[in-house]
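Dumped target_26.cif below, it's mmCIF, C-alpha atoms:
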data_query
#
loop_
_atom_site.group_PDB
_atom_site.id
_atom_site.type_symbol
_atom_site.label_atom_id
_atom_site.label_comp_id
_atom_site.auth_asym_id
_atom_site.auth_seq_id
_atom_site.Cartn_x
_atom_site.Cartn_y
_atom_site.Cartn_z
ATOM 1 C CA MET P 1 -17.978 119.324 -23.728
ATOM 2 C CA GLU P 2 -18.536 122.784 -22.217
ATOM 3 C CA ASN P 3 -15.591 124.002 -20.169
ATOM 4 C CA ASN P 4 -17.474 126.122 -17.659
ATOM 5 C CA ALA P 5 -15.539 125.109 -14.547
ATOM 6 C CA LYS P 6 -13.327 127.788 -13.006
ATOM 7 C CA THR P 7 -11.342 125.450 -10.778
ATOM 8 C CA VAL P 8 -10.482 121.774 -10.494
ATOM 9 C CA LYS P 9 -8.970 119.838 -7.634
ATOM 10 C CA ILE P 10 -6.258 117.364 -8.691
ATOM 11 C CA ALA P 11 -4.871 114.486 -6.625
ATOM 12 C CA VAL P 12 -1.382 113.292 -7.566
ATOM 13 C CA VAL P 13 -0.753 109.861 -6.072
ATOM 14 C CA GLN P 14 2.938 109.396 -5.288
ATOM 15 C CA ALA P 15 3.054 105.757 -4.239
ATOM 16 C CA ALA P 16 4.488 102.347 -5.072
ATOM 17 C CA PRO P 17 2.632 99.377 -6.496
ATOM 18 C CA ILE P 18 2.783 95.934 -4.991
ATOM 19 C CA ILE P 19 5.599 95.111 -7.365
ATOM 20 C CA MET P 20 4.878 92.353 -9.907
ATOM 21 C CA ASP P 21 1.429 91.699 -8.380
ATOM 22 C CA LYS P 22 -1.360 93.330 -10.376
ATOM 23 C CA ASP P 23 -4.193 91.968 -8.219
ATOM 24 C CA ALA P 24 -2.723 93.340 -4.993
ATOM 25 C CA THR P 25 -1.892 96.594 -6.784
ATOM 26 C CA LEU P 26 -5.499 96.843 -7.965
ATOM 27 C CA LYS P 27 -6.708 96.696 -4.365
ATOM 28 C CA LYS P 28 -4.222 99.392 -3.353
ATOM 29 C CA THR P 29 -5.188 101.543 -6.342
ATOM 30 C CA ILE P 30 -8.905 101.345 -5.553
ATOM 31 C CA ALA P 31 -8.206 102.375 -1.954
ATOM 32 C CA LEU P 32 -6.058 105.304 -3.122
ATOM 33 C CA ILE P 33 -8.758 106.496 -5.549
ATOM 34 C CA LYS P 34 -11.275 106.519 -2.701
ATOM 35 C CA GLU P 35 -8.849 108.312 -0.382
ATOM 36 C CA ALA P 36 -8.158 110.961 -3.037
ATOM 37 C CA ALA P 37 -11.883 111.470 -3.651
ATOM 38 C CA ASP P 38 -12.452 111.832 0.088
ATOM 39 C CA LYS P 39 -9.928 114.687 -0.025
ATOM 40 C CA GLY P 40 -12.099 116.425 -2.617
ATOM 41 C CA ALA P 41 -10.235 115.424 -5.778
ATOM 42 C CA GLU P 42 -12.044 115.582 -9.109
ATOM 43 C CA ILE P 43 -9.125 114.133 -11.105
ATOM 44 C CA VAL P 44 -6.783 111.459 -9.715
ATOM 45 C CA VAL P 45 -3.390 110.881 -11.365
ATOM 46 C CA PHE P 46 -1.124 107.857 -10.876
ATOM 47 C CA PRO P 47 2.524 107.367 -11.968
ATOM 48 C CA GLU P 48 4.062 105.780 -15.033
ATOM 49 C CA ALA P 49 4.005 101.959 -15.045
ATOM 50 C CA PHE P 50 2.109 101.807 -11.762
ATOM 51 C CA VAL P 51 0.755 98.375 -12.649
ATOM 52 C CA PRO P 52 2.605 96.080 -12.162
ATOM 53 C CA ALA P 53 5.859 98.053 -11.766
ATOM 54 C CA TYR P 54 8.547 100.210 -13.289
ATOM 55 C CA PRO P 55 11.257 97.498 -13.057
ATOM 56 C CA ARG P 56 14.087 99.821 -12.106
ATOM 57 C CA GLY P 57 17.421 98.075 -11.630
ATOM 58 C CA LEU P 58 16.494 94.820 -13.407
ATOM 59 C CA SER P 59 18.121 93.617 -16.635
ATOM 60 C CA PHE P 60 15.904 90.548 -17.213
ATOM 61 C CA GLY P 61 19.167 88.788 -18.095
ATOM 62 C CA CYS P 62 19.709 90.888 -21.220
ATOM 63 C CA VAL P 63 23.087 92.077 -22.435
ATOM 64 C CA VAL P 64 24.159 92.858 -25.979
ATOM 65 C CA GLY P 65 24.300 89.566 -27.821
ATOM 66 C CA SER P 66 22.629 87.260 -25.296
ATOM 67 C CA ARG P 67 19.683 86.650 -22.970
ATOM 68 C CA THR P 68 19.254 84.113 -20.145
ATOM 69 C CA MET P 69 16.442 81.697 -19.379
ATOM 70 C CA GLU P 70 16.269 83.008 -15.800
ATOM 71 C CA GLY P 71 15.738 86.501 -17.140
ATOM 72 C CA ARG P 72 13.059 85.296 -19.532
ATOM 73 C CA LYS P 73 11.190 83.804 -16.568
ATOM 74 C CA ASP P 74 11.322 87.140 -14.689
ATOM 75 C CA TRP P 75 9.976 88.835 -17.818
ATOM 76 C CA GLN P 76 7.180 86.268 -18.064
ATOM 77 C CA ARG P 77 6.184 87.169 -14.495
ATOM 78 C CA TYR P 78 6.137 90.815 -15.557
ATOM 79 C CA TYR P 79 4.050 89.888 -18.613
ATOM 80 C CA GLU P 80 1.543 87.829 -16.624
ATOM 81 C CA ASN P 81 0.974 90.783 -14.272
ATOM 82 C CA SER P 82 0.491 93.264 -17.112
ATOM 83 C CA VAL P 83 -2.935 94.602 -18.077
ATOM 84 C CA ALA P 84 -5.065 93.954 -21.148
ATOM 85 C CA VAL P 85 -7.187 96.892 -22.335
ATOM 86 C CA PRO P 86 -10.092 96.344 -22.014
ATOM 87 C CA SER P 87 -10.309 93.565 -19.402
ATOM 88 C CA ASP P 88 -11.824 92.726 -16.035
ATOM 89 C CA PHE P 89 -8.952 94.706 -14.527
ATOM 90 C CA THR P 90 -9.921 97.892 -16.374
ATOM 91 C CA LYS P 91 -13.581 97.296 -15.536
ATOM 92 C CA ALA P 92 -12.624 97.213 -11.837
ATOM 93 C CA LEU P 93 -10.715 100.490 -12.209
ATOM 94 C CA GLY P 94 -13.687 102.026 -14.020
ATOM 95 C CA LYS P 95 -15.995 100.928 -11.227
ATOM 96 C CA ALA P 96 -13.677 102.582 -8.685
ATOM 97 C CA ALA P 97 -13.693 105.816 -10.714
ATOM 98 C CA ARG P 98 -17.497 105.719 -10.928
ATOM 99 C CA GLU P 99 -17.999 105.055 -7.221
ATOM 100 C CA ALA P 100 -15.621 107.908 -6.387
ATOM 101 C CA GLY P 101 -17.069 110.195 -9.093
ATOM 102 C CA VAL P 102 -13.632 111.165 -10.433
ATOM 103 C CA TYR P 103 -11.548 111.141 -13.580
ATOM 104 C CA VAL P 104 -8.576 108.761 -13.301
ATOM 105 C CA SER P 105 -5.302 108.685 -15.232
ATOM 106 C CA ILE P 106 -3.048 105.719 -14.457
ATOM 107 C CA GLY P 107 0.126 104.245 -15.921
ATOM 108 C CA ILE P 108 0.051 100.542 -16.707
ATOM 109 C CA ILE P 109 2.118 97.996 -18.555
ATOM 110 C CA GLU P 110 -0.245 96.907 -21.300
ATOM 111 C CA ARG P 111 -0.424 93.651 -23.210
ATOM 112 C CA ASP P 112 -2.493 92.891 -26.285
ATOM 113 C CA ALA P 113 -6.087 92.159 -25.282
ATOM 114 C CA ASN P 114 -6.440 89.531 -28.026
ATOM 115 C CA GLU P 115 -3.056 87.932 -27.244
ATOM 116 C CA ILE P 116 -2.152 88.158 -30.930
ATOM 117 C CA ASN P 117 1.279 89.402 -29.888
ATOM 118 C CA SER P 118 3.200 89.243 -26.625
ATOM 119 C CA THR P 119 4.739 92.712 -26.805
ATOM 120 C CA LEU P 120 4.303 94.939 -23.763
ATOM 121 C CA TYR P 121 3.642 98.680 -23.905
ATOM 122 C CA CYS P 122 4.069 101.465 -21.372
ATOM 123 C CA THR P 123 0.600 102.980 -21.432
ATOM 124 C CA VAL P 124 -1.593 105.568 -19.724
ATOM 125 C CA ILE P 125 -5.323 104.858 -19.534
ATOM 126 C CA PHE P 126 -8.084 107.347 -18.744
ATOM 127 C CA PHE P 127 -11.424 106.799 -17.015
ATOM 128 C CA GLY P 128 -14.357 109.169 -16.623
ATOM 129 C CA PRO P 129 -16.438 109.708 -13.472
ATOM 130 C CA ASP P 130 -19.101 107.507 -15.074
ATOM 131 C CA GLY P 131 -16.606 104.646 -15.037
ATOM 132 C CA GLU P 132 -16.120 104.577 -18.807
ATOM 133 C CA LEU P 133 -12.694 103.849 -20.280
ATOM 134 C CA LEU P 134 -12.103 107.062 -22.235
ATOM 135 C CA GLY P 135 -8.905 106.147 -24.047
ATOM 136 C CA LYS P 136 -5.255 105.273 -23.786
ATOM 137 C CA HIS P 137 -1.828 106.530 -24.805
ATOM 138 C CA ARG P 138 1.072 104.188 -25.543
ATOM 139 C CA LYS P 139 4.575 105.556 -25.011
ATOM 140 C CA LEU P 140 6.014 106.367 -28.436
ATOM 141 C CA LYS P 141 9.672 105.820 -27.589
ATOM 142 C CA PRO P 142 10.816 103.746 -24.613
ATOM 143 C CA THR P 143 14.040 105.147 -23.206
ATOM 144 C CA GLY P 144 17.350 103.293 -23.101
ATOM 145 C CA SER P 145 17.027 99.762 -21.725
ATOM 146 C CA GLU P 146 13.234 100.130 -21.583
ATOM 147 C CA ARG P 147 13.375 99.207 -25.285
ATOM 148 C CA LEU P 148 14.274 95.632 -24.315
ATOM 149 C CA ILE P 149 10.947 95.102 -22.545
ATOM 150 C CA TRP P 150 8.476 97.559 -24.119
ATOM 151 C CA GLY P 151 7.370 98.092 -27.694
ATOM 152 C CA GLU P 152 6.685 101.459 -29.323
ATOM 153 C CA GLY P 153 3.272 103.063 -29.503
ATOM 154 C CA ASP P 154 2.106 104.982 -32.561
ATOM 155 C CA GLY P 155 0.183 108.099 -33.455
ATOM 156 C CA SER P 156 -3.195 106.415 -33.066
ATOM 157 C CA THR P 157 -2.957 106.752 -29.289
ATOM 158 C CA LEU P 158 -2.016 110.423 -29.011
ATOM 159 C CA THR P 159 -5.182 110.601 -26.975
ATOM 160 C CA VAL P 160 -6.842 113.759 -25.663
ATOM 161 C CA VAL P 161 -9.844 113.494 -23.334
ATOM 162 C CA ASP P 162 -12.571 116.118 -23.023
ATOM 163 C CA THR P 163 -13.424 117.104 -19.442
ATOM 164 C CA PRO P 164 -15.430 119.980 -17.921
ATOM 165 C CA TYR P 165 -12.045 121.469 -16.942
ATOM 166 C CA GLY P 166 -10.543 121.467 -20.425
ATOM 167 C CA LYS P 167 -8.830 118.892 -22.592
ATOM 168 C CA MET P 168 -6.611 116.399 -20.765
ATOM 169 C CA GLY P 169 -3.792 114.445 -22.409
ATOM 170 C CA SER P 170 -0.555 112.724 -21.521
ATOM 171 C CA LEU P 171 3.013 112.169 -22.598
ATOM 172 C CA ILE P 172 5.072 109.722 -20.543
ATOM 173 C CA CYS P 173 8.458 110.484 -18.976
ATOM 174 C CA TRP P 174 11.085 111.234 -21.644
ATOM 175 C CA GLU P 175 8.474 111.574 -24.380
ATOM 176 C CA ASN P 176 8.340 115.036 -22.876
ATOM 177 C CA TYR P 177 11.778 115.704 -24.380
ATOM 178 C CA MET P 178 10.335 115.121 -27.879
ATOM 179 C CA PRO P 179 9.548 118.612 -29.260
ATOM 180 C CA LEU P 180 7.068 117.444 -31.896
ATOM 181 C CA ALA P 181 5.255 115.168 -29.450
ATOM 182 C CA ARG P 182 4.740 118.197 -27.213
ATOM 183 C CA ALA P 183 3.659 120.233 -30.223
ATOM 184 C CA ALA P 184 1.074 117.563 -31.001
ATOM 185 C CA MET P 185 -0.364 117.881 -27.495
ATOM 186 C CA TYR P 186 -0.540 121.655 -27.783
ATOM 187 C CA ALA P 187 -2.157 121.390 -31.222
ATOM 188 C CA LYS P 188 -4.829 119.141 -29.713
ATOM 189 C CA GLY P 189 -5.652 121.863 -27.193
ATOM 190 C CA VAL P 190 -4.396 120.226 -23.993
ATOM 191 C CA LYS P 191 -4.958 122.354 -20.903
ATOM 192 C CA LEU P 192 -4.332 119.635 -18.320
ATOM 193 C CA TYR P 193 -1.044 118.052 -19.374
ATOM 194 C CA ILE P 194 -0.498 114.783 -17.476
ATOM 195 C CA ALA P 195 3.197 113.848 -17.272
ATOM 196 C CA PRO P 196 3.666 110.553 -15.401
ATOM 197 C CA THR P 197 7.339 109.718 -15.069
ATOM 198 C CA ALA P 198 10.070 107.588 -13.544
ATOM 199 C CA ASP P 199 12.535 110.514 -13.531
ATOM 200 C CA SER P 200 13.146 111.929 -10.061
ATOM 201 C CA ARG P 201 16.132 114.112 -10.968
ATOM 202 C CA GLU P 202 16.054 117.747 -9.952
ATOM 203 C CA VAL P 203 16.876 118.762 -13.535
ATOM 204 C CA TYR P 204 13.640 117.128 -14.740
ATOM 205 C CA GLN P 205 11.745 119.789 -12.827
ATOM 206 C CA SER P 206 13.135 122.272 -15.363
ATOM 207 C CA THR P 207 11.489 120.244 -18.128
ATOM 208 C CA LEU P 208 8.119 120.319 -16.387
ATOM 209 C CA LYS P 209 8.300 124.090 -15.897
ATOM 210 C CA HIS P 210 9.340 124.581 -19.509
ATOM 211 C CA ILE P 211 6.369 122.558 -20.777
ATOM 212 C CA ALA P 212 3.972 124.573 -18.635
ATOM 213 C CA LEU P 213 5.382 127.818 -20.014
ATOM 214 C CA GLU P 214 5.635 126.557 -23.586
ATOM 215 C CA GLY P 215 2.154 125.020 -23.685
ATOM 216 C CA ARG P 216 0.529 127.593 -21.391
ATOM 217 C CA CYS P 217 -1.096 124.675 -19.603
ATOM 218 C CA PHE P 218 -1.101 123.037 -16.194
ATOM 219 C CA VAL P 219 1.476 120.245 -15.951
ATOM 220 C CA ILE P 220 0.674 117.453 -13.516
ATOM 221 C CA SER P 221 3.688 115.215 -12.962
ATOM 222 C CA CYS P 222 3.424 111.983 -10.984
ATOM 223 C CA ASN P 223 6.240 109.643 -9.950
ATOM 224 C CA GLN P 224 6.464 106.589 -7.735
ATOM 225 C CA TYR P 225 8.079 106.350 -4.320
ATOM 226 C CA VAL P 226 9.860 102.970 -4.229
ATOM 227 C CA GLU P 227 12.131 101.294 -1.688
ATOM 228 C CA LYS P 228 14.358 98.333 -2.517
ATOM 229 C CA ASN P 229 12.653 96.181 0.099
ATOM 230 C CA MET P 230 9.400 96.424 -1.890
ATOM 231 C CA TYR P 231 10.769 94.126 -4.618
ATOM 232 C CA PRO P 232 9.852 90.421 -4.405
ATOM 233 C CA LYS P 233 12.960 88.592 -3.253
ATOM 234 C CA ASP P 234 12.205 85.480 -5.309
ATOM 235 C CA LEU P 235 12.999 87.222 -8.610
ATOM 236 C CA ASN P 236 15.771 85.365 -10.429
ATOM 237 C CA TYR P 237 17.671 88.626 -10.843
ATOM 238 C CA TYR P 238 16.951 90.116 -7.422
ATOM 239 C CA HIS P 239 20.716 90.066 -6.778
ATOM 240 C CA GLU P 240 21.084 92.890 -9.310
ATOM 241 C CA LEU P 241 19.548 95.236 -6.729
ATOM 242 C CA GLU P 242 22.356 94.721 -4.191
ATOM 243 C CA ASN P 243 24.125 97.945 -5.128
ATOM 244 C CA GLN P 244 20.946 99.986 -5.490
ATOM 245 C CA PRO P 245 20.127 102.616 -2.823
ATOM 246 C CA GLU P 246 17.509 101.759 -0.227
ATOM 247 C CA ILE P 247 15.232 104.432 -1.719
ATOM 248 C CA MET P 248 15.283 103.511 -5.394
ATOM 249 C CA CYS P 249 12.847 106.212 -6.511
ATOM 250 C CA PRO P 250 12.340 109.190 -4.176
ATOM 251 C CA GLY P 251 9.427 110.745 -6.107
ATOM 252 C CA GLY P 252 9.383 114.401 -7.104
ATOM 253 C CA SER P 253 5.698 114.599 -8.060
ATOM 254 C CA CYS P 254 4.398 118.147 -8.486
ATOM 255 C CA ILE P 255 1.931 120.458 -10.239
ATOM 256 C CA VAL P 256 3.067 123.485 -12.280
ATOM 257 C CA ASP P 257 0.832 126.328 -13.474
ATOM 258 C CA PRO P 258 0.815 127.916 -16.985
ATOM 259 C CA LEU P 259 3.289 130.596 -15.865
ATOM 260 C CA GLY P 260 5.826 128.019 -14.698
ATOM 261 C CA ARG P 261 5.115 128.341 -10.979
ATOM 262 C CA TYR P 262 4.519 125.468 -8.601
ATOM 263 C CA VAL P 263 0.952 124.937 -7.495
ATOM 264 C CA VAL P 264 2.257 122.002 -5.476
ATOM 265 C CA GLU P 265 6.026 121.780 -4.954
ATOM 266 C CA PRO P 266 7.853 118.482 -5.494
ATOM 267 C CA VAL P 267 7.539 115.937 -2.699
ATOM 268 C CA TYR P 268 10.385 113.493 -2.037
ATOM 269 C CA ASN P 269 11.160 110.454 0.092
ATOM 270 C CA LYS P 270 7.643 109.370 1.003
ATOM 271 C CA GLU P 271 4.325 108.143 -0.279
ATOM 272 C CA GLU P 272 1.784 110.951 -0.365
ATOM 273 C CA ILE P 273 -1.355 112.099 -2.126
ATOM 274 C CA LEU P 274 -0.615 115.642 -3.287
ATOM 275 C CA ILE P 275 -3.702 117.852 -3.618
ATOM 276 C CA GLY P 276 -3.737 120.961 -5.773
ATOM 277 C CA GLU P 277 -6.621 123.291 -6.637
ATOM 278 C CA LEU P 278 -6.095 124.770 -10.092
ATOM 279 C CA ASP P 279 -7.360 128.215 -11.092
ATOM 280 C CA LEU P 280 -8.340 127.487 -14.692
ATOM 281 C CA ASP P 281 -8.590 131.193 -15.561
ATOM 282 C CA LEU P 282 -4.782 131.238 -15.441
ATOM 283 C CA ILE P 283 -4.705 129.361 -18.747
ATOM 284 C CA VAL P 284 -6.360 132.223 -20.640
ATOM 285 C CA GLN P 285 -4.499 134.871 -18.651
ATOM 286 C CA SER P 286 -1.151 133.245 -19.462
ATOM 287 C CA ARG P 287 -1.880 133.455 -23.189
ATOM 288 C CA LEU P 288 -2.013 137.259 -23.312
ATOM 289 C CA ASP P 289 1.593 137.354 -24.482
ATOM 290 C CA PHE P 290 2.162 133.789 -25.704
ATOM 291 C CA ASP P 291 -0.440 131.520 -27.301
ATOM 292 C CA PRO P 292 1.147 128.334 -28.738
ATOM 293 C CA ASN P 293 -1.822 127.687 -31.037
ATOM 294 C CA GLY P 294 -2.618 131.325 -31.782
ATOM 295 C CA HIS P 295 -0.511 134.413 -32.313
ATOM 296 C CA TYR P 296 2.767 132.577 -31.555
ATOM 297 C CA SER P 297 2.148 129.582 -33.835
ATOM 298 C CA ARG P 298 3.116 131.038 -37.270
ATOM 299 C CA PRO P 299 1.341 128.404 -39.415
ATOM 300 C CA ASP P 300 2.450 130.387 -42.474
ATOM 301 C CA VAL P 301 6.014 129.290 -41.703
ATOM 302 C CA PHE P 302 5.625 125.962 -39.854
ATOM 303 C CA GLU P 303 3.380 122.974 -40.443
ATOM 304 C CA LEU P 304 2.829 120.079 -38.037
ATOM 305 C CA ILE P 305 1.719 116.738 -39.515
ATOM 306 C CA ILE P 306 0.590 114.007 -37.109
ATOM 307 C CA HIS P 307 0.235 110.477 -38.523
ATOM 308 C CA GLU P 308 -2.632 109.030 -36.536
#
Represent the structure of the file as structure tokens.
Amino acid sequence: MENNAKTVKIAVVQAAPIIMDKDATLKKTIALIKEAADKGAEIVVFPEAFVPAYPRGLSFGCVVGSRTMEGRKDWQRYYENSVAVPSDFTKALGKAAREAGVYVSIGIIERDANEINSTLYCTVIFFGPDGELLGKHRKLKPTGSERLIWGEGDGSTLTVVDTPYGKMGSLICWENYMPLARAAMYAKGVKLYIAPTADSREVYQSTLKHIALEGRCFVISCNQYVEKNMYPKDLNYYHELENQPEIMCPGGSCIVDPLGRYVVEPVYNKEEILIGELDLDLIVQSRLDFDPNGHYSRPDVFELIIHE
């Protein structure tokens, strides 16, 4: 695809799902896509695990050495509200992308479309402005207790999508601390680096700036804004949230340019659609003195092998 565009307008949707309710979240997502398009967005980015939730604060009854039946039932609810790819759910998202005329990147919890296994994956899916499902990326390494509820992706979904604005790809949350995963994205020519996350710490902003500088790419980071009162109170383990703060995830979504500067500064403590217009010429300009795939790559010394 020819990359003739000089600019692109990105919408970063910092919002919460209707937790554990994929159908209600679908309706909200479709409305947010339309709202972002009405603001002039050409690419719309949603957070990690937007459908049906990033289950922050919940253990699903799991401790080392034992699990509970009540926790298994909460997990089944999570499973039943996860998304098969492809499915009627993804068709509805594709239709929304087509009607809005935008690219969409959204984090979902994915289950096997053929129901051969019951493992869940933390996944990003991509849609084109024609409504087509362009691909997906499964998180390679769930972090900490995420490993209890999500399986591991593999190299077959290190997906990069061609757009008129340059190649677009994604690593999810702490995958962005994996040096060789980042190197794989750079090697694939990513210029629009989508980094959905559940990490709202100030120190994570340093990671996003580093990636932008290291990859000489735009980094688009999207997080949820979640309050405790958004959780369904009939969860068996709802009591585990008693000691959680009222704002359980304050956000911190942002856009960083290839020289490590904010195009859109982090937003906290509210739902908001962040809009940033990216000057794509900055990608080439930034590579005058550092090109990760060119004069700074030293393939005579280093070799990257990606098992896809």
- Message: For the provided coordinates, the residues matched by the PyMOL selection byres ((chain P and resi 269) around 9) should be stated as a list in words.
- Response: Tyr225, Val226, Ile247, Cys249, Pro250, Gly251, Gly252, Val267, Tyr268, Lys270 and Glu271 of chain P
- Query: Given the file above and the PyMOL selection byres ((chain P and resi 32) around 12), which residues are selected, and can you give them as JSON, numbers by chain?
  - Reply: {"P": [11, 12, 13, 14, 15, 16, 17, 25, 26, 27, 28, 29, 30, 31, 33, 34, 35, 36, 37, 38, 39, 41, 44, 45, 46, 93, 96, 97, 100, 104, 106, 271, 272, 273, 274]}
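Nearest residue to Pro47 of chain P, choosing from P:Gly131, P:Gly107, P:Pro86, P:Pro292 and counting all atoms listed in the file: P:Gly107.
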Per residue of segment 224-269 of chain P within 10 Å of segment 279-287 of chain P, note the shortest atom pair and the distance in Å to one decimal, counting all atoms listed in the file, and order the rows by chain and increasing residue number, as a tab-separated table.
residue	atom	partner	partner_atom	distance
P:Asp257	CA	P:Leu282	CA	7.7
P:Pro258	CA	P:Ile283	CA	6.0
P:Leu259	CA	P:Ser286	CA	6.3
P:Gly260	CA	P:Ser286	CA	9.9
P:Val263	CA	P:Asp279	CA	9.6
Please produce a file of the residues just selected, as a PDB file, in the frame of the given file, where the atoms kept are C-alpha atoms.
ATOM      1  CA  ASP P 257       0.832 126.328 -13.474  1.00  0.00           C
ATOM      2  CA  PRO P 258       0.815 127.916 -16.985  1.00  0.00           C
ATOM      3  CA  LEU P 259       3.289 130.596 -15.865  1.00  0.00           C
ATOM      4  CA  GLY P 260       5.826 128.019 -14.698  1.00  0.00           C
ATOM      5  CA  VAL P 263       0.952 124.937  -7.495  1.00  0.00           C
TER       6      VAL P 263
END
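Nearest-residue note for Ile10 of chain P: choosing from P:Val301, P:Tyr186, P:Tyr204, P:Ile194, the minimum distance belongs to P:Ile194, counting only C-alpha atoms.
Residues matched by the PyMOL selection byres ((chain P and resi 113) around 8) in this file are P:Ala84, P:Val85, P:Pro86, P:Ser87, P:Arg111, P:Asp112, P:Asn114, P:Glu115, P:Ile116.
Here atom CA of Thr123 of chain P is placed at a distance of 13.0 Å from atom CA of Glu146 of chain P.
Shortest atom-to-atom contact with Ala187 of chain P among P:Met20, P:Ala49, P:Ile306, P:Met230: P:Ile306, counting all atoms listed in the file.
In this model, the gap between atom CA of Thr119 of chain P and atom CA of Asp162 of chain P comes to 29.4 Å.
The neighbours of Ile125 of chain P here are the residues that come within 6 Å of it, using all atoms listed in the file and leaving out any residue fewer than 3 positions away in the same chain; they are Ser105, Ile106, Gly135 and Lys136 of chain P.
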Starting from the sparse input, extend segment 111-124 of chain P to N, CA and C atoms and give the output as a short mmCIF file (atom, residue, chain, number, x, y, z; two decimals), keeping the file's coordinate frame.
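The resulting file, result-v9.cif, is reproduced below:
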data_model
loop_
_atom_site.label_atom_id
_atom_site.label_comp_id
_atom_site.auth_asym_id
_atom_site.auth_seq_id
_atom_site.Cartn_x
_atom_site.Cartn_y
_atom_site.Cartn_z
N ARG P 111 -0.63 94.72 -22.23
CA ARG P 111 -0.42 93.65 -23.21
C ARG P 111 -1.63 93.59 -24.14
N ASP P 112 -1.45 92.96 -25.28
CA ASP P 112 -2.49 92.89 -26.28
C ASP P 112 -3.71 92.14 -25.75
N ALA P 113 -4.87 92.75 -25.84
CA ALA P 113 -6.09 92.16 -25.28
C ALA P 113 -6.47 90.87 -25.99
N ASN P 114 -6.11 90.73 -27.26
CA ASN P 114 -6.44 89.53 -28.03
C ASN P 114 -5.33 88.49 -28.02
N GLU P 115 -4.21 88.82 -27.34
CA GLU P 115 -3.06 87.93 -27.24
C GLU P 115 -2.54 87.52 -28.62
N ILE P 116 -2.71 88.41 -29.60
CA ILE P 116 -2.15 88.16 -30.93
C ILE P 116 -0.63 88.30 -30.87
N ASN P 117 -0.16 89.28 -30.09
CA ASN P 117 1.28 89.40 -29.89
C ASN P 117 1.56 89.42 -28.39
N SER P 118 2.80 89.27 -28.03
CA SER P 118 3.20 89.24 -26.62
C SER P 118 4.05 90.45 -26.26
N THR P 119 4.00 91.49 -27.10
CA THR P 119 4.74 92.71 -26.80
C THR P 119 4.04 93.49 -25.70
N LEU P 120 4.83 94.08 -24.82
CA LEU P 120 4.30 94.94 -23.76
C LEU P 120 4.49 96.40 -24.14
N TYR P 121 3.59 97.25 -23.64
CA TYR P 121 3.64 98.68 -23.90
C TYR P 121 3.51 99.44 -22.59
N CYS P 122 4.23 100.54 -22.50
CA CYS P 122 4.07 101.46 -21.37
C CYS P 122 2.94 102.43 -21.74
N THR P 123 1.85 102.36 -21.01
CA THR P 123 0.60 102.98 -21.43
C THR P 123 -0.02 103.78 -20.30
N VAL P 124 -0.72 104.85 -20.66
CA VAL P 124 -1.59 105.57 -19.72
C VAL P 124 -3.03 105.34 -20.17
#
